[in-house]
>>> print(open('model36.csv').read())   # CSV, C-alpha atoms
chain,number,residue,atom,x,y,z
A,1,MET,CA,0.0,0.0,0.0
A,2,HIS,CA,1.2,3.5,-0.6
A,3,ASP,CA,-0.4,6.9,-0.7
A,4,VAL,CA,-0.4,9.5,-3.4
A,5,ARG,CA,-0.8,13.0,-1.9
A,6,PHE,CA,-2.5,15.8,-3.8
A,7,THR,CA,-1.9,19.5,-3.8
A,8,GLY,CA,-5.2,20.5,-2.3
A,9,GLU,CA,-6.7,21.9,-5.5
A,10,ASP,CA,-10.5,22.2,-5.2
A,11,ILE,CA,-12.5,19.4,-6.8
A,12,LEU,CA,-14.6,22.1,-8.4
A,13,ALA,CA,-11.5,24.0,-9.5
A,14,ARG,CA,-12.6,23.9,-13.1
A,15,GLN,CA,-15.9,25.5,-12.1
A,16,LEU,CA,-14.2,28.1,-9.9
A,17,GLU,CA,-11.9,29.1,-12.7
A,18,LEU,CA,-14.8,29.4,-15.1
A,19,ALA,CA,-16.7,31.5,-12.6
A,20,GLU,CA,-13.7,33.8,-12.2
A,21,ALA,CA,-13.4,34.1,-15.9
A,22,ASN,CA,-17.1,35.0,-16.2
A,23,TYR,CA,-16.6,37.6,-13.4
A,24,ARG,CA,-13.6,39.2,-15.2
A,25,ARG,CA,-15.4,39.1,-18.5
A,26,LEU,CA,-18.4,40.9,-17.1
A,27,ARG,CA,-16.2,43.4,-15.3
A,28,GLU,CA,-14.3,44.2,-18.4
A,29,LYS,CA,-17.6,44.9,-20.2
A,30,HIS,CA,-18.8,47.0,-17.3
A,31,VAL,CA,-21.8,44.7,-16.8
A,32,ARG,CA,-23.2,44.6,-13.3
A,33,SER,CA,-24.3,41.0,-12.7
A,34,ILE,CA,-26.8,39.6,-10.2
A,35,SER,CA,-27.4,35.9,-9.6
A,36,VAL,CA,-30.9,35.2,-8.4
A,37,LEU,CA,-31.7,31.8,-6.8
A,38,GLY,CA,-34.3,30.3,-4.6
A,39,ALA,CA,-37.1,27.8,-4.2
A,40,ILE,CA,-39.6,27.0,-6.9
A,41,GLY,CA,-42.4,29.5,-7.0
A,42,SER,CA,-40.8,32.0,-4.6
A,43,GLY,CA,-40.9,34.9,-7.1
A,44,LYS,CA,-37.5,34.9,-8.8
A,45,THR,CA,-38.9,35.6,-12.2
A,46,THR,CA,-41.3,38.3,-11.0
A,47,LEU,CA,-38.3,39.9,-9.2
A,48,VAL,CA,-36.3,40.0,-12.5
A,49,GLU,CA,-39.4,41.2,-14.4
A,50,GLN,CA,-39.9,44.1,-12.0
A,51,ALA,CA,-36.2,44.9,-12.0
A,52,ILE,CA,-36.2,45.0,-15.8
A,53,ASP,CA,-39.0,47.6,-15.8
A,54,ARG,CA,-37.4,49.7,-13.0
A,55,LEU,CA,-33.9,49.7,-14.4
A,56,GLN,CA,-35.0,50.3,-18.0
A,57,GLY,CA,-36.9,53.2,-16.7
A,58,GLN,CA,-33.6,54.5,-15.3
A,59,GLY,CA,-32.1,54.2,-18.8
A,60,LEU,CA,-30.1,51.0,-18.1
A,61,ARG,CA,-29.8,48.2,-20.6
A,62,VAL,CA,-30.8,44.9,-19.0
A,63,ALA,CA,-30.0,41.4,-20.1
A,64,THR,CA,-31.1,38.1,-18.6
A,65,ILE,CA,-30.0,34.4,-18.5
A,66,ALA,CA,-33.1,32.4,-17.8
A,67,ALA,CA,-32.5,28.9,-16.5
A,68,ASP,CA,-35.1,26.2,-16.1
A,69,SER,CA,-35.0,22.4,-16.4
A,70,ALA,CA,-37.2,22.7,-19.5
A,71,GLY,CA,-39.2,25.3,-21.5
A,72,ASP,CA,-38.7,28.9,-22.2
A,73,ASP,CA,-41.5,30.5,-20.2
A,74,ASP,CA,-39.3,32.8,-18.1
A,75,HIS,CA,-37.2,33.7,-21.1
A,76,ARG,CA,-40.3,34.8,-23.0
A,77,ARG,CA,-41.5,36.9,-20.0
A,78,PHE,CA,-38.1,38.7,-19.9
A,79,VAL,CA,-38.1,39.3,-23.7
A,80,ALA,CA,-41.6,40.7,-23.5
A,81,ARG,CA,-40.3,43.3,-21.1
A,82,GLY,CA,-37.6,44.4,-23.5
A,83,ALA,CA,-34.6,42.5,-22.0
A,84,LYS,CA,-32.0,40.8,-24.2
A,85,SER,CA,-32.3,37.2,-23.0
A,86,VAL,CA,-30.7,33.8,-23.3
A,87,ASN,CA,-32.8,30.7,-22.5
A,88,VAL,CA,-30.9,27.8,-20.8
A,89,ASN,CA,-32.4,24.4,-20.2
A,90,THR,CA,-30.4,22.4,-17.6
A,91,GLN,CA,-32.6,19.3,-18.3
A,92,ASP,CA,-31.8,16.9,-15.5
A,93,ASP,CA,-29.3,19.1,-13.7
A,94,CYS,CA,-30.6,20.8,-10.6
A,95,HIS,CA,-28.4,23.9,-10.9
A,96,LEU,CA,-26.7,26.2,-13.3
A,97,ASP,CA,-22.9,26.0,-13.5
A,98,ALA,CA,-20.3,28.5,-14.6
A,99,HIS,CA,-19.6,26.6,-17.8
A,100,THR,CA,-23.2,27.0,-18.9
A,101,VAL,CA,-23.2,30.7,-18.0
A,102,ASP,CA,-20.0,31.1,-20.1
A,103,HIS,CA,-21.8,29.8,-23.2
A,104,ALA,CA,-24.9,31.9,-22.5
A,105,LEU,CA,-22.7,35.0,-22.3
A,106,ASP,CA,-21.4,34.2,-25.8
A,107,GLU,CA,-24.9,34.8,-27.0
A,108,LEU,CA,-25.4,38.2,-25.4
A,109,PRO,CA,-24.2,41.6,-26.8
A,110,LEU,CA,-22.3,42.5,-23.7
A,111,ASP,CA,-21.1,45.8,-25.1
A,112,ASP,CA,-24.8,46.9,-25.0
A,113,VAL,CA,-25.6,45.6,-21.5
A,114,ASP,CA,-25.5,47.5,-18.2
A,115,VAL,CA,-27.1,45.0,-15.9
A,116,LEU,CA,-27.3,41.2,-16.2
A,117,PHE,CA,-29.7,39.0,-14.2
A,118,ILE,CA,-28.9,35.3,-14.0
A,119,GLU,CA,-32.0,33.4,-12.8
A,120,ASN,CA,-31.1,30.0,-11.6
A,121,VAL,CA,-33.2,26.9,-11.7
A,122,GLY,CA,-35.9,26.8,-8.9
A,123,ASN,CA,-33.9,25.1,-6.2
A,124,LEU,CA,-32.7,26.5,-2.9
A,125,ILE,CA,-30.0,24.0,-2.1
A,126,CYS,CA,-28.1,22.7,-5.1
A,127,PRO,CA,-27.0,26.0,-6.8
A,128,ALA,CA,-25.3,27.1,-3.5
A,129,ASP,CA,-22.1,25.1,-4.3
A,130,PHE,CA,-21.7,26.3,-7.8
A,131,PRO,CA,-20.4,29.9,-8.2
A,132,LEU,CA,-21.3,31.5,-11.5
A,133,GLY,CA,-19.1,34.6,-11.3
A,134,ALA,CA,-21.8,37.2,-10.6
A,135,ASP,CA,-21.1,40.3,-8.6
A,136,ALA,CA,-23.9,39.6,-6.1
A,137,GLU,CA,-26.2,36.8,-5.2
A,138,VAL,CA,-29.8,37.2,-4.1
A,139,VAL,CA,-31.7,34.3,-2.5
A,140,VAL,CA,-35.5,34.6,-2.9
A,141,ILE,CA,-38.0,32.9,-0.5
A,142,SER,CA,-41.6,33.6,0.1
A,143,VAL,CA,-43.9,33.5,3.1
A,144,THR,CA,-46.0,30.9,1.5
A,145,GLU,CA,-43.2,28.4,2.0
A,146,GLY,CA,-43.6,28.9,5.7
A,147,ASP,CA,-41.8,30.9,8.4
A,148,ASP,CA,-39.2,28.2,9.0
A,149,MET,CA,-37.3,28.4,5.7
A,150,VAL,CA,-34.2,30.0,7.3
A,151,ARG,CA,-34.1,27.7,10.3
A,152,LYS,CA,-34.4,24.7,8.0
A,153,HIS,CA,-31.6,25.9,5.7
A,154,PRO,CA,-29.3,27.8,8.1
A,155,LYS,CA,-26.1,27.1,6.4
A,156,ILE,CA,-27.3,28.6,3.1
A,157,PHE,CA,-28.6,31.8,4.8
A,158,ALA,CA,-25.5,32.1,7.0
A,159,GLN,CA,-23.6,32.6,3.7
A,160,THR,CA,-26.1,34.7,1.8
A,161,ASP,CA,-25.9,38.5,2.1
A,162,PHE,CA,-29.0,39.5,0.2
A,163,VAL,CA,-32.3,37.7,1.0
A,164,VAL,CA,-35.7,38.6,-0.4
A,165,VAL,CA,-38.8,37.4,1.5
A,166,ASN,CA,-41.5,37.7,-1.1
A,167,LYS,CA,-45.4,37.7,-1.0
A,168,VAL,CA,-45.5,39.4,2.4
A,169,ASP,CA,-49.0,40.6,1.4
A,170,LEU,CA,-50.1,37.0,1.8
A,171,ALA,CA,-48.4,36.5,5.2
A,172,ALA,CA,-51.6,36.7,7.3
A,173,ALA,CA,-53.5,34.5,4.9
A,174,VAL,CA,-51.0,31.7,5.2
A,175,GLY,CA,-50.5,32.2,9.0
A,176,VAL,CA,-46.9,33.3,8.8
A,177,ASP,CA,-45.3,36.0,10.9
A,178,PRO,CA,-42.4,37.5,8.8
A,179,LYS,CA,-40.7,38.6,12.0
A,180,ARG,CA,-39.8,35.0,12.7
A,181,ILE,CA,-38.0,34.8,9.4
A,182,ILE,CA,-36.2,38.1,10.1
A,183,ASP,CA,-35.1,37.0,13.5
A,184,ASP,CA,-33.9,33.6,12.3
A,185,TYR,CA,-31.9,35.3,9.5
A,186,SER,CA,-30.3,37.9,11.8
A,187,ALA,CA,-29.3,35.1,14.2
A,188,VAL,CA,-27.3,33.2,11.5
A,189,ASN,CA,-26.2,36.3,9.5
A,190,PRO,CA,-26.3,39.6,11.5
A,191,HIS,CA,-24.6,41.5,8.7
A,192,GLY,CA,-26.9,40.2,5.9
A,193,LYS,CA,-29.6,42.4,4.3
A,194,LEU,CA,-33.2,41.1,4.2
A,195,PHE,CA,-36.0,42.7,2.2
A,196,LEU,CA,-39.7,42.1,2.6
A,197,THR,CA,-41.4,42.4,-0.7
A,198,SER,CA,-44.6,42.0,-2.6
A,199,LEU,CA,-43.1,41.8,-6.0
A,200,ARG,CA,-46.3,41.6,-7.9
A,201,ARG,CA,-47.2,45.0,-6.5
A,202,GLY,CA,-43.6,46.2,-7.0
A,203,GLU,CA,-43.2,46.7,-3.2
A,204,GLY,CA,-39.8,46.4,-1.6
A,205,LEU,CA,-37.9,46.3,-4.9
A,206,ASP,CA,-36.4,49.8,-4.6
A,207,GLU,CA,-34.8,48.9,-1.3
A,208,LEU,CA,-33.2,45.8,-2.8
A,209,LEU,CA,-32.0,47.6,-5.9
A,210,ASN,CA,-30.5,50.4,-3.8
A,211,ALA,CA,-28.6,47.8,-1.7
A,212,LEU,CA,-27.3,46.2,-4.9
A,213,GLY,CA,-26.0,49.5,-6.1
A,214,LEU,CA,-28.7,49.7,-8.8
A,215,GLY,CA,-30.9,52.3,-7.3
A,216,CYS,CA,-31.8,55.4,-9.3
A,217,THR,CA,-29.4,57.5,-7.2
A,218,SER,CA,-26.6,55.0,-7.4
A,219,THR,CA,-23.6,56.1,-9.3
A,220,GLN,CA,-23.0,54.1,-12.4
A,221,TRP,CA,-19.8,52.2,-12.7
B,1,MET,CA,-28.6,15.9,-5.6
B,2,HIS,CA,-25.8,18.1,-6.9
B,3,GLU,CA,-23.4,15.7,-5.3
B,4,TYR,CA,-23.4,13.7,-8.5
B,5,ALA,CA,-22.1,16.8,-10.4
B,6,VAL,CA,-19.4,17.3,-7.8
B,7,VAL,CA,-18.3,13.6,-7.9
B,8,ASP,CA,-18.3,13.7,-11.7
B,9,GLU,CA,-15.8,16.6,-11.5
B,10,LEU,CA,-13.8,14.7,-8.9
B,11,ILE,CA,-13.5,11.6,-11.1
B,12,GLY,CA,-12.7,13.7,-14.2
B,13,ALA,CA,-9.9,15.4,-12.3
B,14,LEU,CA,-8.5,12.4,-10.5
B,15,LEU,CA,-8.2,9.8,-13.2
B,16,PRO,CA,-5.6,11.6,-15.4
B,17,ARG,CA,-3.5,12.4,-12.3
B,18,LEU,CA,-3.5,8.8,-11.2
B,19,ALA,CA,-2.3,7.6,-14.7
B,20,GLU,CA,1.4,7.7,-13.6
B,21,HIS,CA,0.7,5.7,-10.4
B,22,PRO,CA,0.1,2.0,-11.0
B,23,GLY,CA,-1.8,-0.2,-8.6
B,24,ARG,CA,-5.3,-0.7,-7.4
B,25,VAL,CA,-7.0,2.3,-5.9
B,26,ARG,CA,-8.3,1.4,-2.4
B,27,THR,CA,-9.3,4.7,-0.9
B,28,VAL,CA,-9.9,8.3,-2.0
B,29,VAL,CA,-9.8,10.7,0.9
B,30,VAL,CA,-11.6,14.0,0.3
B,31,ARG,CA,-11.5,17.0,2.8
B,32,LYS,CA,-14.7,18.9,2.8
B,33,GLY,CA,-15.2,22.3,4.5
B,34,GLU,CA,-18.3,22.4,6.7
B,35,LEU,CA,-19.6,25.5,4.9
B,36,ARG,CA,-20.2,23.4,1.8
B,37,ILE,CA,-23.8,22.3,1.3
B,38,LEU,CA,-22.9,18.7,0.4
B,39,SER,CA,-24.2,15.5,1.9
B,40,ASP,CA,-21.4,13.0,2.8
B,41,HIS,CA,-23.8,10.1,2.3
B,42,ALA,CA,-24.8,11.3,-1.2
B,43,LEU,CA,-21.2,11.9,-2.2
B,44,VAL,CA,-20.3,8.3,-1.2
B,45,ASN,CA,-23.3,6.9,-3.1
B,46,ALA,CA,-22.5,9.0,-6.2
B,47,PHE,CA,-18.9,7.9,-6.0
B,48,GLU,CA,-19.9,4.2,-5.9
B,49,ILE,CA,-22.2,4.6,-8.9
B,50,LEU,CA,-20.2,7.0,-11.1
B,51,THR,CA,-16.9,5.1,-10.7
B,52,LYS,CA,-18.4,1.9,-12.2
B,53,GLY,CA,-16.3,0.8,-15.2
B,54,THR,CA,-13.4,3.1,-14.3
B,55,ARG,CA,-10.2,2.4,-12.5
B,56,LEU,CA,-11.7,3.8,-9.4
B,57,GLU,CA,-14.5,1.2,-9.2
B,58,GLY,CA,-14.5,-0.6,-5.9
B,59,ALA,CA,-12.5,2.1,-4.1
B,60,ASP,CA,-13.9,3.7,-0.9
B,61,LEU,CA,-14.5,7.4,-0.7
B,62,LEU,CA,-13.8,8.9,2.7
B,63,VAL,CA,-15.0,12.4,3.4
B,64,GLU,CA,-13.2,14.2,6.2
B,65,ALA,CA,-14.7,17.4,7.6
B,66,VAL,CA,-12.8,20.6,7.9
B,67,ALA,CA,-14.1,23.0,10.6
B,68,ALA,CA,-14.7,26.6,9.6
B,69,ALA,CA,-12.1,29.1,10.8
B,70,VAL,CA,-12.3,32.9,10.4
B,71,SER,CA,-10.3,36.0,10.9
B,72,CYS,CA,-11.5,39.5,11.9
B,73,SER,CA,-10.0,42.6,10.6
B,74,ALA,CA,-11.8,44.7,13.2
B,75,CYS,CA,-10.4,43.1,16.4
B,76,GLY,CA,-7.7,40.8,15.1
B,77,TYR,CA,-9.5,37.6,16.1
B,78,ARG,CA,-8.2,34.5,14.3
B,79,GLY,CA,-9.6,31.1,15.1
B,80,PRO,CA,-12.7,28.9,15.0
B,81,ALA,CA,-15.9,30.4,13.6
B,82,GLY,CA,-18.7,31.2,16.0
B,83,ARG,CA,-21.6,28.7,16.1
B,84,PHE,CA,-25.3,28.9,15.9
B,85,GLY,CA,-27.8,26.2,17.1
B,86,GLY,CA,-26.8,22.8,18.4
B,87,GLU,CA,-29.7,22.3,20.7
B,88,GLY,CA,-32.1,19.4,20.5
B,89,ASP,CA,-32.3,17.9,17.0
B,90,HIS,CA,-30.5,20.8,15.4
B,91,PHE,CA,-26.9,20.5,14.4
B,92,SER,CA,-24.8,23.6,15.0
B,93,ILE,CA,-23.6,25.6,12.0
B,94,PRO,CA,-20.7,28.1,11.7
B,95,VAL,CA,-21.7,31.8,11.4
B,96,LEU,CA,-19.6,34.3,9.6
B,97,THR,CA,-19.4,36.9,12.3
B,98,CYS,CA,-16.6,37.5,14.7
B,99,PRO,CA,-17.1,35.5,18.0
B,100,GLN,CA,-15.2,38.2,19.8
B,101,CYS,CA,-16.5,41.5,18.5
B,102,GLY,CA,-19.4,40.6,16.2
B,103,ALA,CA,-18.0,42.2,13.0
B,104,SER,CA,-18.0,40.5,9.6
B,105,VAL,CA,-15.2,38.1,9.1
B,106,GLN,CA,-13.0,36.6,6.4
B,107,VAL,CA,-13.3,32.8,6.0
B,108,ASP,CA,-9.9,31.1,6.4
B,109,ALA,CA,-11.1,27.6,6.3
B,110,GLY,CA,-14.4,25.7,5.8
B,111,ARG,CA,-15.1,26.3,2.1
B,112,GLU,CA,-12.5,23.8,0.8
B,113,LEU,CA,-13.3,20.6,-1.1
B,114,TYR,CA,-10.3,18.7,-2.3
B,115,VAL,CA,-8.7,15.3,-2.7
B,116,ASP,CA,-6.1,15.0,0.1
B,117,TYR,CA,-4.7,11.6,-0.8
B,118,VAL,CA,-5.3,8.3,-2.5
B,119,THR,CA,-4.2,5.0,-1.2
B,120,LEU,CA,-3.1,2.4,-3.7
B,121,SER,CA,-2.2,-1.3,-3.3
B,122,ASP,CA,0.4,-2.9,-5.5
B,123,ASP,CA,-1.8,-5.4,-7.2
B,124,SER,CA,-3.1,-4.7,-10.6
B,125,PRO,CA,-6.5,-3.0,-11.0
B,126,VAL,CA,-7.6,-5.4,-13.7
B,127,ASP,CA,-6.9,-8.6,-11.8
B,128,GLY,CA,-10.0,-9.3,-10.0
>>> encode(input="model36.csv", output="structure tokens")
Amino acid sequence: MHDVRFTGEDILARQLELAEANYRRLREKHVRSISVLGAIGSGKTTLVEQAIDRLQGQGLRVATIAADSAGDDDHRRFVARGAKSVNVNTQDDCHLDAHTVDHALDELPLDDVDVLFIENVGNLICPADFPLGADAEVVVISVTEGDDMVRKHPKIFAQTDFVVVNKVDLAAAVGVDPKRIIDDYSAVNPHGKLFLTSLRRGEGLDELLNALGLGCTSTQW
Amino acid sequence: MHEYAVVDELIGALLPRLAEHPGRVRTVVVRKGELRILSDHALVNAFEILTKGTRLEGADLLVEAVAAAVSCSACGYRGPAGRFGGEGDHFSIPVLTCPQCGASVQVDAGRELYVDYVTLSDDSPVDG
């Protein structure tokens, strides 16, 4: 018996390198990039739709990468709002990876894009280990999933700096107290930023966009 | 079930590096930081299934945990991350705030995921 020792290179090194390449590529083109992930039906697509409207109203050019297991429903919704969009079907994969994003970027006119939203497959857990190279990551949950989402997934929220709790207008109807979610999140991540939103009504979006440096008073970079 | 994608990357990276090392692969030891969202059980299952028909078939995957460690630029703390939870049925998780002063911290350890070493025996991998 003998051992072969390795140098400690990350198993996902290939993915990390691709994510870093995506990051550099978007920086060079002065594209601000936001990765949006979260559970199925939490409101990721609505968030991106509303952000498209808001940012286009500020004169910013918005592009999207819409990822789903199958179909192009989200992609069509973004295109209908005037975004340049690439549809990605991950088929049986439960997450986007940096390699797929790299190919999607090839299809976007990055010289004519100010802000890029990358909407991941509806899945709270699996995308967390696959960096894409975006500037910021937003995790979307909604009150209809219950007020125990953070305590059930503390490791994810401990590492997530921007959290959207959507559908707060339905909180009373589903018997959820958003304060429990806020308290759980501040316990695992006291420095994170949490936003209560009703995205269908456009409520709470401005605060999120401001925190992401995309508010109407933010300086463009 | 993204563990399959991770193990797929692991196998793809490991096989070419083992090419210059003859012998039967007995054990692959992986070190996994506790901030990773990966199930040890699913990794082992994925390894067993995805190595079929490769030189790694029949080898054991051992996953060793690496505890999270942080450093704080505000107060100079350097050491284990603070913990949250741990009562009743809940396992405790590392939090990324300084256990000494409460400021945001840098992660020094806990996000790694790498092959530490592979144990080979001297018999041929095709013998049996």
>>> interface_residues(input="model36.csv", of="chain B", to="chain A", cutoff="6 Å", atoms="all atoms listed in the file", output="list in words")
His2, Leu10, Val95, Leu113, Tyr114, Asp116, Tyr117, Val118, Thr119, Leu120 and Ser121 of chain B
>>> atom_distance(input="model36.csv", atom1="atom CA of Val31 of chain A", atom2="atom CA of Asp111 of chain A")
8.4 Å
>>> atom_distance(input="model36.csv", atom1="atom CA of Thr144 of chain A", atom2="atom CA of Val121 of chain A")
18.8 Å
>>> residues_around(input="model36.csv", residues="His21 of chain B", least_positions_apart="2", cutoff="10 Å", atoms="all atoms listed in the file", output="PyMOL selection string")
(chain A and resi 3-4) or (chain B and resi 16-19+23-25+120+122)
>>> atom_distance(input="model36.csv", atom1="atom CA of Val88 of chain A", atom2="atom CA of Pro109 of chain A")
16.5 Å
>>> closest_residue(input="model36.csv", among="A:Leu110, A:His103, A:Gly213, A:Thr160", to="Leu35 of chain B", atoms="all atoms listed in the file")
A:Thr160
>>> residues_around(input="model36.csv", residues="Ala63 of chain A", least_positions_apart="4", cutoff="6 Å", atoms="only C-alpha atoms", output="list of chain:residue names")
A:Ala83, A:Lys84, A:Ser85, A:Leu116
